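Peer 1: What follows is entry11.txt; its format and atoms are compact mmCIF, C-alpha atoms and all ligand atoms.
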```txt
# COMPACT_ATOMS: atom_id res chain seq x y z
CA MET C 1 26.11 5.01 25.59
CA SER C 2 26.17 3.16 22.25
CA LEU C 3 23.65 4.20 19.63
CA VAL C 4 24.16 0.96 17.72
CA ARG C 5 24.55 -2.69 18.83
CA THR C 6 26.46 -5.32 16.86
CA ASP C 7 26.07 -9.05 17.47
CA PHE C 8 27.67 -12.01 15.69
CA SER C 9 26.26 -15.51 15.29
CA GLY C 10 28.79 -17.48 13.29
CA ALA C 11 29.22 -15.72 9.94
CA ILE C 12 26.05 -13.67 10.38
CA ALA C 13 26.23 -10.21 11.96
CA THR C 14 23.28 -8.19 13.25
CA ILE C 15 23.53 -4.40 13.60
CA THR C 16 20.71 -2.82 15.62
CA LEU C 17 19.88 0.89 15.57
CA ASP C 18 19.43 1.72 19.23
CA GLN C 19 18.45 5.34 19.87
CA PRO C 20 14.66 5.14 20.28
CA ALA C 21 14.43 8.47 22.11
CA LYS C 22 15.39 10.23 18.87
CA ARG C 23 13.56 7.64 16.74
CA ASN C 24 16.93 6.41 15.43
CA ALA C 25 17.43 9.72 13.59
CA LEU C 26 20.57 9.39 11.47
CA SER C 27 22.78 11.82 13.37
CA THR C 28 26.50 12.06 12.70
CA ALA C 29 27.15 10.20 15.95
CA LEU C 30 24.80 7.33 15.10
CA ILE C 31 26.09 7.12 11.52
CA GLU C 32 29.72 7.00 12.68
CA GLU C 33 28.86 4.03 14.92
CA LEU C 34 27.00 2.37 12.02
CA ILE C 35 29.95 2.79 9.66
CA GLU C 36 32.29 1.45 12.33
CA ALA C 37 30.00 -1.57 12.82
CA LEU C 38 29.92 -2.26 9.07
CA SER C 39 33.71 -2.01 8.94
CA ARG C 40 33.96 -4.52 11.80
CA CYS C 41 31.64 -6.88 9.91
CA ALA C 42 34.00 -6.69 6.93
CA SER C 43 37.14 -7.24 9.02
CA GLU C 44 35.52 -10.22 10.76
CA ASN C 45 34.46 -11.69 7.38
CA ALA C 46 30.76 -11.69 8.12
CA ARG C 47 29.00 -13.38 5.22
CA VAL C 48 25.66 -11.64 5.83
CA VAL C 49 24.77 -8.50 7.79
CA VAL C 50 21.26 -7.89 9.14
CA LEU C 51 20.47 -4.19 9.72
CA ARG C 52 17.50 -3.61 12.04
CA ALA C 53 16.02 -1.57 14.86
CA ARG C 54 14.77 -2.93 18.20
CA ALA C 55 12.00 -5.51 17.83
CA GLY C 56 8.54 -3.99 17.72
CA VAL C 57 9.57 -0.36 17.11
CA ARG C 58 6.96 2.05 15.75
CA VAL C 59 9.73 4.01 13.96
CA TRP C 60 12.65 2.15 12.34
CA SER C 61 14.41 5.46 11.65
CA ALA C 62 13.24 9.06 11.37
CA GLY C 63 15.81 9.77 8.67
CA HIS C 64 18.57 12.38 8.54
CA ASP C 65 18.93 14.29 11.80
CA VAL C 66 17.24 17.53 10.73
CA SER C 67 19.00 19.53 13.44
CA GLU C 68 22.28 18.72 11.67
CA LEU C 69 21.17 19.91 8.22
CA PRO C 70 22.83 23.18 7.14
CA LYS C 71 20.50 26.18 7.40
CA GLY C 72 21.28 27.18 3.76
CA GLY C 73 24.17 28.18 1.55
CA ARG C 74 25.70 24.69 1.62
CA ASP C 75 24.71 21.42 -0.07
CA PRO C 76 22.80 19.47 2.64
CA LEU C 77 23.64 16.11 1.03
CA GLY C 78 27.12 16.64 -0.34
CA TRP C 79 29.69 13.88 -0.88
CA ASN C 80 31.04 14.22 2.67
CA ASP C 81 27.64 14.28 4.41
CA PRO C 82 27.59 11.37 6.92
CA LEU C 83 24.48 9.90 5.27
CA ARG C 84 26.32 9.73 1.94
CA HIS C 85 29.22 7.92 3.62
CA LEU C 86 26.78 5.47 5.22
CA VAL C 87 24.97 4.62 1.98
CA ARG C 88 28.31 4.02 0.24
CA SER C 89 29.47 1.83 3.15
CA VAL C 90 26.41 -0.39 2.78
CA GLU C 91 26.72 -0.57 -1.01
CA GLU C 92 30.46 -1.32 -0.90
CA LEU C 93 30.35 -3.91 1.90
CA PRO C 94 31.34 -7.26 0.33
CA ALA C 95 28.65 -9.15 2.27
CA PRO C 96 24.96 -8.78 1.47
CA VAL C 97 23.04 -6.54 3.87
CA ILE C 98 19.48 -7.56 4.76
CA ALA C 99 17.28 -4.77 6.11
CA LEU C 100 14.81 -6.12 8.69
CA VAL C 101 12.21 -3.38 8.88
CA GLU C 102 9.44 -2.83 11.42
CA GLY C 103 7.72 0.55 11.82
CA GLY C 104 8.14 3.78 9.87
CA VAL C 105 11.15 4.55 7.68
CA TRP C 106 11.53 8.26 6.85
CA GLY C 107 13.56 10.37 4.46
CA GLY C 108 17.22 9.48 4.16
CA ALA C 109 16.57 6.28 6.14
CA CYS C 110 14.55 5.09 3.13
CA GLU C 111 17.65 5.52 1.03
CA LEU C 112 19.63 3.59 3.64
CA VAL C 113 17.09 0.73 3.51
CA PHE C 114 16.90 0.81 -0.31
CA ALA C 115 20.71 0.68 -0.46
CA CYS C 116 20.55 -2.65 1.39
CA ASP C 117 20.57 -5.77 -0.76
CA LEU C 118 17.38 -7.36 0.52
CA ILE C 119 14.48 -5.88 2.48
CA ILE C 120 12.22 -7.96 4.73
CA ALA C 121 9.47 -5.93 6.37
CA SER C 122 6.68 -6.57 8.85
CA PRO C 123 3.15 -5.39 7.97
CA THR C 124 3.70 -2.37 10.27
CA ALA C 125 6.52 -1.05 8.09
CA THR C 126 5.98 2.09 6.03
CA PHE C 127 8.32 4.01 3.72
CA ALA C 128 8.20 7.81 3.27
CA VAL C 129 10.68 9.78 1.15
CA THR C 130 10.42 13.32 2.50
CA PRO C 131 12.72 15.88 0.81
CA ALA C 132 9.70 17.80 -0.51
CA ARG C 133 8.29 18.03 3.03
CA LEU C 134 11.39 19.94 4.12
CA GLY C 135 12.31 21.70 0.90
CA VAL C 136 15.48 19.62 0.48
CA PRO C 137 17.03 19.03 -2.97
CA TYR C 138 17.96 15.35 -2.77
CA ASN C 139 21.36 14.52 -4.26
CA VAL C 140 22.03 12.77 -7.58
CA SER C 141 23.29 9.39 -6.31
CA GLY C 142 20.45 9.32 -3.78
CA MET C 143 17.92 9.86 -6.54
CA GLN C 144 19.52 6.95 -8.38
CA THR C 145 19.07 4.77 -5.28
CA PHE C 146 15.36 5.57 -5.30
CA MET C 147 15.07 5.07 -9.07
CA ASN C 148 16.71 1.65 -8.72
CA ALA C 149 14.20 0.71 -6.01
CA CYS C 150 11.04 0.90 -8.12
CA SER C 151 9.46 2.39 -11.24
CA LEU C 152 9.90 6.08 -11.99
CA ARG C 153 6.16 6.73 -11.56
CA ILE C 154 6.20 5.30 -8.04
CA VAL C 155 9.38 7.22 -7.20
CA LYS C 156 7.67 10.43 -8.36
CA GLU C 157 4.61 9.68 -6.22
CA MET C 158 6.78 9.05 -3.15
CA LEU C 159 9.00 12.11 -3.72
CA PHE C 160 6.22 14.55 -4.68
CA THR C 161 3.74 13.54 -1.94
CA ALA C 162 6.32 12.73 0.82
CA LYS C 163 3.61 10.38 2.11
CA PRO C 164 4.34 6.89 3.53
CA ILE C 165 3.55 3.79 1.50
CA SER C 166 2.69 0.50 3.20
CA ALA C 167 4.86 -2.61 3.32
CA GLU C 168 2.12 -4.50 1.52
CA ARG C 169 2.14 -2.02 -1.38
CA ALA C 170 5.94 -1.87 -1.40
CA GLU C 171 6.08 -5.65 -1.76
CA ARG C 172 3.47 -5.61 -4.53
CA LEU C 173 5.64 -3.06 -6.35
CA GLY C 174 8.78 -5.17 -5.95
CA MET C 175 10.36 -2.49 -3.75
CA ILE C 176 10.88 -4.99 -0.91
CA ASN C 177 11.45 -8.76 -0.97
CA HIS C 178 8.95 -10.09 1.57
CA VAL C 179 6.36 -8.96 4.09
CA VAL C 180 6.45 -11.28 7.12
CA GLU C 181 4.37 -11.12 10.31
CA ALA C 182 6.31 -9.57 13.19
CA SER C 183 6.05 -12.82 15.16
CA GLU C 184 7.87 -14.71 12.40
CA ILE C 185 10.16 -12.10 10.86
CA GLU C 186 13.28 -12.85 12.92
CA ALA C 187 13.15 -16.58 12.16
CA PHE C 188 12.48 -15.76 8.50
CA VAL C 189 15.50 -13.43 8.28
CA ASP C 190 17.70 -15.88 10.21
CA ALA C 191 16.84 -18.64 7.71
CA LEU C 192 17.41 -16.32 4.74
CA ALA C 193 20.77 -15.22 6.14
CA ALA C 194 21.73 -18.84 6.81
CA ASP C 195 20.89 -19.81 3.21
CA ILE C 196 23.07 -17.00 1.86
CA SER C 197 25.95 -17.68 4.27
CA LYS C 198 26.22 -21.29 3.03
CA ASN C 199 26.96 -20.10 -0.52
CA ALA C 200 30.31 -18.95 -1.92
CA PRO C 201 31.16 -15.56 -0.36
CA LEU C 202 33.60 -14.58 -3.12
CA SER C 203 31.02 -15.25 -5.82
CA ILE C 204 28.37 -13.32 -3.90
CA SER C 205 30.60 -10.33 -3.11
CA VAL C 206 31.75 -10.00 -6.73
CA MET C 207 28.19 -10.30 -8.05
CA LYS C 208 27.10 -7.67 -5.49
CA GLU C 209 29.87 -5.31 -6.69
CA GLN C 210 29.02 -5.94 -10.36
CA MET C 211 25.37 -5.06 -9.73
CA ARG C 212 26.40 -1.93 -7.80
CA MET C 213 28.51 -0.76 -10.75
CA LEU C 214 25.91 -1.67 -13.37
CA ALA C 215 23.03 -0.14 -11.39
CA GLY C 216 25.06 3.05 -10.95
CA ALA C 217 26.26 3.19 -14.56
CA ASN C 218 24.37 6.31 -15.55
CA PRO C 219 26.24 8.23 -18.31
CA MET C 220 25.62 11.76 -17.05
CA SER C 221 27.80 14.26 -18.91
CA PRO C 222 29.85 16.80 -16.91
CA ARG C 223 27.66 19.53 -18.41
CA ARG C 224 24.46 17.80 -17.22
CA PHE C 225 25.94 17.17 -13.76
CA GLU C 226 26.87 20.83 -13.45
CA ARG C 227 23.34 21.81 -14.46
CA VAL C 228 21.90 19.50 -11.79
CA GLN C 229 24.21 20.96 -9.15
CA GLY C 230 23.23 24.47 -10.21
CA LEU C 231 19.53 23.62 -9.93
CA ARG C 232 20.06 22.00 -6.51
CA ARG C 233 21.87 25.10 -5.29
CA ILE C 234 18.84 27.24 -6.18
CA VAL C 235 16.82 24.96 -3.87
CA TYR C 236 19.16 24.79 -0.88
CA ASP C 237 19.73 28.56 -1.13
CA SER C 238 15.96 29.19 -1.27
CA ALA C 239 13.69 30.70 1.36
CA ASP C 240 11.62 27.49 1.17
CA TYR C 241 14.58 25.34 2.22
CA ALA C 242 15.21 27.57 5.25
CA GLU C 243 11.49 27.55 6.05
CA GLY C 244 11.28 23.73 5.80
CA ILE C 245 14.11 23.23 8.27
CA GLN C 246 12.88 25.95 10.64
CA ALA C 247 9.30 24.66 10.60
CA PHE C 248 10.49 21.16 11.51
CA LEU C 249 12.63 22.45 14.36
CA GLU C 250 9.72 24.60 15.62
CA LYS C 251 7.39 21.56 15.29
CA ARG C 252 4.97 23.43 13.00
CA SER C 253 3.79 23.02 9.38
CA PRO C 254 5.92 24.81 6.80
CA ASN C 255 4.56 27.62 4.60
CA PHE C 256 6.30 27.24 1.25
CA ILE C 257 6.22 30.25 -1.15
CA GLY C 258 7.98 28.75 -4.14
CA ARG C 259 11.25 30.65 -3.93
O1 LIG C 301 11.44 16.75 20.99
P1 LIG C 301 12.48 15.71 21.31
O2 LIG C 301 13.80 16.27 21.75
O3 LIG C 301 11.92 14.61 22.17
O4 LIG C 301 12.82 14.98 19.89
C1 LIG C 301 11.77 14.40 19.15
C2 LIG C 301 12.00 14.75 17.71
O5 LIG C 301 12.44 16.08 17.51
C3 LIG C 301 13.13 13.78 17.37
N1 LIG C 301 13.18 13.52 15.93
C4 LIG C 301 14.16 13.96 15.12
N2 LIG C 301 15.25 14.71 15.39
C5 LIG C 301 16.05 15.01 14.33
N3 LIG C 301 15.81 14.61 13.06
C6 LIG C 301 14.73 13.84 12.77
N4 LIG C 301 14.55 13.41 11.51
C7 LIG C 301 13.84 13.50 13.84
N5 LIG C 301 12.68 12.81 13.91
C8 LIG C 301 12.31 12.82 15.20
O6 LIG C 301 12.83 12.58 18.05
C9 LIG C 301 12.01 12.88 19.20
C10 LIG C 301 10.72 12.11 19.10
O7 LIG C 301 10.06 12.59 17.94
P2 LIG C 301 8.47 12.68 17.89
O8 LIG C 301 7.97 13.20 19.19
O9 LIG C 301 8.11 13.38 16.65
O10 LIG C 301 8.09 11.12 17.78
P3 LIG C 301 6.74 10.49 17.20
O11 LIG C 301 6.83 9.07 17.55
O12 LIG C 301 5.58 11.31 17.63
O13 LIG C 301 6.86 10.67 15.62
C11 LIG C 301 7.85 9.92 14.93
C12 LIG C 301 8.01 10.53 13.51
C13 LIG C 301 9.19 9.83 12.80
C14 LIG C 301 6.69 10.33 12.72
C15 LIG C 301 8.29 12.03 13.65
O14 LIG C 301 9.37 12.22 14.57
C16 LIG C 301 8.69 12.64 12.34
O15 LIG C 301 7.84 12.88 11.46
N6 LIG C 301 10.04 12.85 12.17
C17 LIG C 301 10.55 13.45 10.94
C18 LIG C 301 10.52 12.45 9.79
C19 LIG C 301 11.16 13.10 8.59
O16 LIG C 301 10.59 13.99 7.95
N7 LIG C 301 12.40 12.73 8.31
C20 LIG C 301 13.17 13.32 7.20
C21 LIG C 301 14.41 13.98 7.81
S1 LIG C 301 15.31 14.83 6.56
C22 LIG C 301 15.96 13.61 5.60
O17 LIG C 301 15.96 12.45 5.97
C23 LIG C 301 16.55 13.97 4.30
C24 LIG C 301 17.44 15.15 4.35
S2 LIG C 301 15.25 14.26 3.15
O18 LIG C 301 14.35 15.18 3.80
O19 LIG C 301 15.83 14.78 2.00
O20 LIG C 301 14.63 12.98 2.92
```
What is this structure when it is put down as structure tokens?

Peer 2:
Amino acid sequence: MSLVRTDFSGAIATITLDQPAKRNALSTALIEELIEALSRCASENARVVVLRARAGVRVWSAGHDVSELPKGGRDPLGWNDPLRHLVRSVEELPAPVIALVEGGVWGGACELVFACDLIIASPTATFAVTPARLGVPYNVSGMQTFMNACSLRIVKEMLFTAKPISAERAERLGMINHVVEASEIEAFVDALAADISKNAPLSISVMKEQMRMLAGANPMSPRRFERVQGLRRIVYDSADYAEGIQAFLEKRSPNFIGR
């Protein structure tokens, strides 16, 4: 059974996350279908892609599938992690991707949404970045995605508290483009997508790629990168990382000890 649905209406594609039983957790299987759907949008020259969950969901996506995170001794968000592939696929797609968000967005799914080009959310939408809740050392390019989404102080609040922020606050902070009532959000996104699809796709795709390169142009020296990777290894090799994963799987609160 498909975990993702793809529909086309002229030059506008809609990709729907469709595994509500697991709250659209970003498992390898779901991510592979998402990447395949994005690739199909590119090959069929979609001019806009709308990424959404089923209408009216309480949870847009529960984030990385925790059961697939390594138990320790290996980078949980390395270059080849499916979530990393997915974020790059969204960023590198020539067509703009509009995230239509209803319900809660958790952890790595926040990075997926923030990697989209525009975000339209209903008032029910919330955004929670949760590495600290699990003891995960988020990866460098992922941190850059968050830092490009809003001010550093807000990123720190989201990362350090792991608490959700509301769509209303996210809009006020410029983190999302519009908050639209659930009853009107599909028509709003359809009109937005139609406006974009009437414009020059080459111009748009090149401007999107320029902004991706400029937004990611962070001159980190090899020495600094190696230091970051060394620090991250201390975290994913820590007892706290193992405890965070185990506590989630056992559906209990974690007891972090700071090592
Ligand atoms: O018990 P069953 O088999 O029915 O499965 C349950 C949950 O275990 C499952 N599920 C997940 N499975 C794997 N990975 C997940 N992230 C995940 N989230 C949920 O889905 C079934 C229904 O979940 P349940 O009963 O909790 O649903 P709910 O409606 O009561 O609550 C929905 C949530 C989203 C509030 C709750 O499921 C939740 O808090 N999920 C975890 C959210 C989270 O912390 N995500 C971060 C994942 S780690 C990640 O994204 C990055 C690595 S990082 O941490 O760095 O950001």

Peer 1: Nearest to ligand LIG 301 (chain C) among C:Gly103, C:Gly56, C:Gly216, C:Pro94, with distances taken over only C-alpha atoms and all ligand atoms: which residue is it?

Peer 2: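 With only C-alpha atoms and all ligand atoms as the atom set, the closest residue is C:Gly103.
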
Peer 1: Go through C:Met1, C:Met207, C:Leu173, C:Val57 one by one, measure the shortest atom-to-atom distance of each to ligand LIG 301 (chain C) using only C-alpha atoms and all ligand atoms, and give the residue with the smallest value.

Peer 2: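 Once distances to ligand LIG 301 (chain C) are computed over only C-alpha atoms and all ligand atoms, the minimum belongs to C:Val57.
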
Peer 1: Around the point (17.9, -1.8, 3.4), in the coordinates given by the file, pick out the residues reaching within 10 Å, counting only C-alpha atoms, and return them as JSON, numbers by chain.

Peer 2: {"C": [50, 51, 52, 87, 90, 91, 97, 98, 99, 100, 101, 109, 110, 111, 112, 113, 114, 115, 116, 117, 118, 119, 120, 121, 176]}

Peer 1: Find, counting all atoms listed in the file, the residue in C:Asp18, C:Glu250, C:Glu184, C:Glu157 that gets nearest to ligand LIG 301 (chain C).

Peer 2: C:Glu250

Peer 1: Using all atoms of ligand LIG 301 (chain C) listed in the file and a margin of 5 Å per side, can you give the axis-aligned box centre and edge lengths in Å to one decimal, as AutoDock Vina command-line options?

Peer 2:
```
--center_x 11.5 --center_y 12.9 --center_z 12.1 --size_x 21.9 --size_y 17.7 --size_z 30.2
```

Peer 1: Hey, which bits of chain C sit within 8 Å of ligand LIG 301 (chain C), and for each residue what's the closest pair of atoms and how far apart in Å (one decimal), counting only C-alpha atoms and all ligand atoms, rows by chain and increasing number, as CSV?

Peer 2:
```
residue,atom,partner,partner_atom,distance
C:Pro20,CA,C:LIG301,O6,8.0
C:Ala21,CA,C:LIG301,C9,5.8
C:Lys22,CA,C:LIG301,O6,3.6
C:Arg23,CA,C:LIG301,O6,5.2
C:Asn24,CA,C:LIG301,N5,7.8
C:Ala25,CA,C:LIG301,C6,5.0
C:Leu26,CA,C:LIG301,N4,7.2
C:Ser27,CA,C:LIG301,C5,7.5
C:Arg58,CA,C:LIG301,O11,7.2
C:Val59,CA,C:LIG301,C13,6.0
C:Ser61,CA,C:LIG301,C13,6.9
C:Ala62,CA,C:LIG301,C13,4.4
C:Gly63,CA,C:LIG301,O17,3.8
C:His64,CA,C:LIG301,O17,3.7
C:Asp65,CA,C:LIG301,N3,3.4
C:Val66,CA,C:LIG301,N3,4.0
C:Ser67,CA,C:LIG301,C5,5.5
C:Glu68,CA,C:LIG301,C5,7.7
C:Leu69,CA,C:LIG301,C24,7.2
C:Pro76,CA,C:LIG301,C24,7.1
C:Leu77,CA,C:LIG301,C24,7.1
C:Gly104,CA,C:LIG301,C13,6.8
C:Val105,CA,C:LIG301,C13,7.6
C:Trp106,CA,C:LIG301,N7,4.8
C:Gly107,CA,C:LIG301,O20,3.2
C:Gly108,CA,C:LIG301,O17,3.7
C:Ala109,CA,C:LIG301,O17,6.2
C:Cys110,CA,C:LIG301,O20,7.9
C:Val129,CA,C:LIG301,O20,5.4
C:Thr130,CA,C:LIG301,O20,4.2
C:Pro131,CA,C:LIG301,O18,3.5
C:Ala132,CA,C:LIG301,O18,6.9
C:Arg133,CA,C:LIG301,O18,6.7
C:Leu134,CA,C:LIG301,O18,5.6
C:Gly135,CA,C:LIG301,O18,7.4
C:Val136,CA,C:LIG301,O19,5.1
C:Pro137,CA,C:LIG301,O19,6.6
C:Tyr138,CA,C:LIG301,O19,5.3
C:Phe248,CA,C:LIG301,C17,7.7
C:Leu249,CA,C:LIG301,O5,7.1
C:Lys251,CA,C:LIG301,O5,7.8
```

Peer 1: Figure out the distance between atom CA of Gly142 of chain C and atom CA of Trp79 of chain C, please, to one decimal in Å.

Peer 2: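 Rounded to one decimal, the two atoms are 10.7 Å apart.
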
Peer 1: Could you give me, as a PyMOL selection string, the residues within 9 Å of Ile15 of chain C, counting only C-alpha atoms and dropping anything in the same chain fewer than 4 positions from it?

Peer 2: chain C and resi 4-8+34+37-38+49-53

Peer 1: If I take atom CA of Ile245 of chain C and atom CA of Arg232 of chain C, how far is one from the other in Å, to one decimal?

Peer 2: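 Between these atoms lies a distance of 16.0 Å.
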
Peer 1: What's the separation between atom CA of Gln229 of chain C and atom CA of Asp75 of chain C, in Å to one decimal place?

Peer 2: 9.1 Å

Peer 1: Show me, as a PyMOL selection string, the residues that have an atom within 6 Å of segment 161-169 of chain C when counting all atoms listed in the file, minus same-chain residues fewer than 6 positions from it.

Peer 2: chain C and resi 123+125-130
